[in-house]
Amino acid sequence: MNHPLRPIGIIGVILIMLGIIAMAYHGITYTRKETILNHAGGEYQQTVPLPPIIGVTAVVGGLVLLAVGSRQ
């Protein structure tokens with residue numbers, strides 16, 4: 001039996017991939033330029049930490065959506 005993947009299943013797969021990426025990287029790093037009183041400023045790197053529970057929750061939620069999408 002060949003069943004096409006429904007939109008809810010596609011969202012589940014995307015959540016699983018994002019969860020795995022979140023668990024692998026542990027945070028998002030970006031560079032911010034700052035100018036002080038029209039003089040030379042600097043570039044600062046900042047990291048926004050991602051707790052592992054976010055990645056785990058995304059993977060589990062994706063698995064649930066994938067299961068629900070395949071049952072319909």
# chains A, B, ... in the order shown; residues from 1 in each chain; ligands from 1

$ residues_around --residues "stretch 14-25 of chain A" --least-positions-apart "3" --cutoff "8 Å" --atoms "only C-alpha atoms" --output "PyMOL selection string"
chain A and resi 10-11+28+50+52+54-63

$ write_last_selection --atoms "N, CA and C atoms" --output "CSV table (one decimal), in the first residue's frame"
chain,number,residue,atom,x,y,z
A,10,ILE,N,4.2,15.9,7.0
A,10,ILE,CA,5.3,16.7,6.5
A,10,ILE,C,5.7,17.7,7.7
A,11,ILE,N,4.8,18.3,8.4
A,11,ILE,CA,5.1,19.1,9.5
A,11,ILE,C,5.8,18.3,10.6
A,28,ILE,N,22.2,29.4,19.2
A,28,ILE,CA,22.3,30.2,18.0
A,28,ILE,C,23.3,31.3,18.3
A,50,LEU,N,20.1,27.1,23.5
A,50,LEU,CA,18.9,26.3,23.3
A,50,LEU,C,19.0,25.1,24.3
A,52,PRO,N,18.4,21.5,25.8
A,52,PRO,CA,18.1,20.3,25.1
A,52,PRO,C,16.6,19.9,25.1
A,54,ILE,N,14.1,21.6,24.4
A,54,ILE,CA,13.5,22.1,23.2
A,54,ILE,C,13.6,21.2,22.0
A,55,GLY,N,14.9,20.6,21.8
A,55,GLY,CA,15.1,19.7,20.8
A,55,GLY,C,14.3,18.4,21.0
A,56,VAL,N,14.3,17.9,22.2
A,56,VAL,CA,13.6,16.6,22.6
A,56,VAL,C,12.1,16.8,22.3
A,57,THR,N,11.6,18.0,22.8
A,57,THR,CA,10.2,18.2,22.6
A,57,THR,C,9.8,18.3,21.1
A,58,ALA,N,10.6,18.9,20.3
A,58,ALA,CA,10.4,19.0,18.9
A,58,ALA,C,10.4,17.6,18.2
A,59,VAL,N,11.3,16.8,18.6
A,59,VAL,CA,11.4,15.4,18.0
A,59,VAL,C,10.2,14.6,18.4
A,60,VAL,N,9.8,14.6,19.7
A,60,VAL,CA,8.7,13.9,20.2
A,60,VAL,C,7.4,14.4,19.5
A,61,GLY,N,7.2,15.7,19.5
A,61,GLY,CA,6.1,16.3,18.8
A,61,GLY,C,6.0,15.9,17.3
A,62,GLY,N,7.2,15.9,16.7
A,62,GLY,CA,7.2,15.5,15.3
A,62,GLY,C,6.8,14.0,15.1
A,63,LEU,N,7.3,13.2,16.0
A,63,LEU,CA,6.9,11.7,15.9
A,63,LEU,C,5.4,11.5,16.1

$ residues_around --residues "A:Gly69" --least-positions-apart "2" --cutoff "7 Å" --atoms "only C-alpha atoms" --output "PyMOL selection string"
chain A and resi 6+8-9+65-67+71-72

$ residues_around --residues "A:Glu34" --least-positions-apart "2" --cutoff "8 Å" --atoms "only C-alpha atoms" --output "short mmCIF file (atom, residue, chain, number, x, y, z; two decimals) with C-alpha atoms, in the first residue's frame"
data_model
loop_
_atom_site.label_atom_id
_atom_site.label_comp_id
_atom_site.auth_asym_id
_atom_site.auth_seq_id
_atom_site.Cartn_x
_atom_site.Cartn_y
_atom_site.Cartn_z
CA ARG A 32 25.98 42.38 16.39
CA ILE A 36 28.87 54.41 20.27
CA GLY A 41 32.23 50.75 17.74
CA GLY A 42 32.75 47.08 17.57
CA GLU A 43 31.32 43.75 16.64
CA TYR A 44 30.11 41.50 19.39
#

$ select_by_dssp --residues "chain A" --states "helix (DSSP H, G or I)" --output "PyMOL selection string"
chain A and resi 7-25+52-71

$ closest_residue --among "A:Gly27, A:Thr35, A:Val64, A:Ser70" --to "A:Thr47" --atoms "only C-alpha atoms"
A:Gly27

$ select_by_dssp --residues "stretch 19-72 of chain A" --states "strand (DSSP E or B)" --output "compact mmCIF listing (two decimals) with N, CA and C atoms, in the first residue's frame"
# COMPACT_ATOMS: atom_id res chain seq x y z
N GLY A 27 22.70 26.01 20.58
CA GLY A 27 22.49 27.46 20.64
C GLY A 27 22.65 28.11 19.29
N ILE A 28 22.24 29.37 19.23
CA ILE A 28 22.34 30.15 18.00
C ILE A 28 23.30 31.30 18.28
N THR A 29 24.35 31.43 17.46
CA THR A 29 25.33 32.49 17.61
C THR A 29 25.15 33.50 16.49
N TYR A 30 25.18 34.78 16.85
CA TYR A 30 25.08 35.83 15.84
C TYR A 30 26.01 36.98 16.22
N THR A 31 26.35 37.81 15.22
CA THR A 31 27.24 38.94 15.42
C THR A 31 26.43 40.22 15.36
N ARG A 32 26.70 41.11 16.30
CA ARG A 32 25.98 42.38 16.39
C ARG A 32 26.99 43.51 16.30
N LYS A 33 26.70 44.48 15.43
CA LYS A 33 27.56 45.67 15.33
C LYS A 33 26.97 46.75 16.23
N GLU A 34 27.87 47.44 16.91
CA GLU A 34 27.43 48.47 17.83
C GLU A 34 28.27 49.72 17.63
N THR A 35 27.61 50.86 17.46
CA THR A 35 28.29 52.13 17.30
C THR A 35 27.99 52.99 18.53
N ILE A 36 29.03 53.61 19.07
CA ILE A 36 28.87 54.41 20.27
C ILE A 36 29.16 55.87 19.93
N HIS A 39 31.20 57.20 16.90
CA HIS A 39 32.61 56.83 16.85
C HIS A 39 32.69 55.35 16.52
N ALA A 40 33.91 54.92 16.37
CA ALA A 40 34.11 53.50 16.05
C ALA A 40 33.54 52.64 17.17
N GLY A 41 32.81 51.67 16.77
CA GLY A 41 32.23 50.75 17.74
C GLY A 41 32.93 49.42 17.63
N GLY A 42 32.17 48.40 17.68
CA GLY A 42 32.75 47.08 17.57
C GLY A 42 31.71 46.05 17.20
N GLU A 43 32.20 44.87 16.93
CA GLU A 43 31.32 43.75 16.64
C GLU A 43 31.36 42.80 17.82
N TYR A 44 30.22 42.38 18.24
CA TYR A 44 30.11 41.50 19.39
C TYR A 44 29.37 40.24 19.00
N GLN A 45 29.90 39.12 19.39
CA GLN A 45 29.22 37.85 19.15
C GLN A 45 28.39 37.50 20.37
N GLN A 46 27.16 37.14 20.12
CA GLN A 46 26.29 36.73 21.20
C GLN A 46 25.71 35.36 20.87
N THR A 47 25.50 34.57 21.90
CA THR A 47 24.93 33.24 21.73
C THR A 47 23.65 33.13 22.54
N VAL A 48 22.61 32.67 21.87
CA VAL A 48 21.34 32.40 22.53
C VAL A 48 21.30 30.90 22.77
N PRO A 49 21.37 30.47 24.03
CA PRO A 49 21.41 29.04 24.31
C PRO A 49 20.05 28.37 24.04
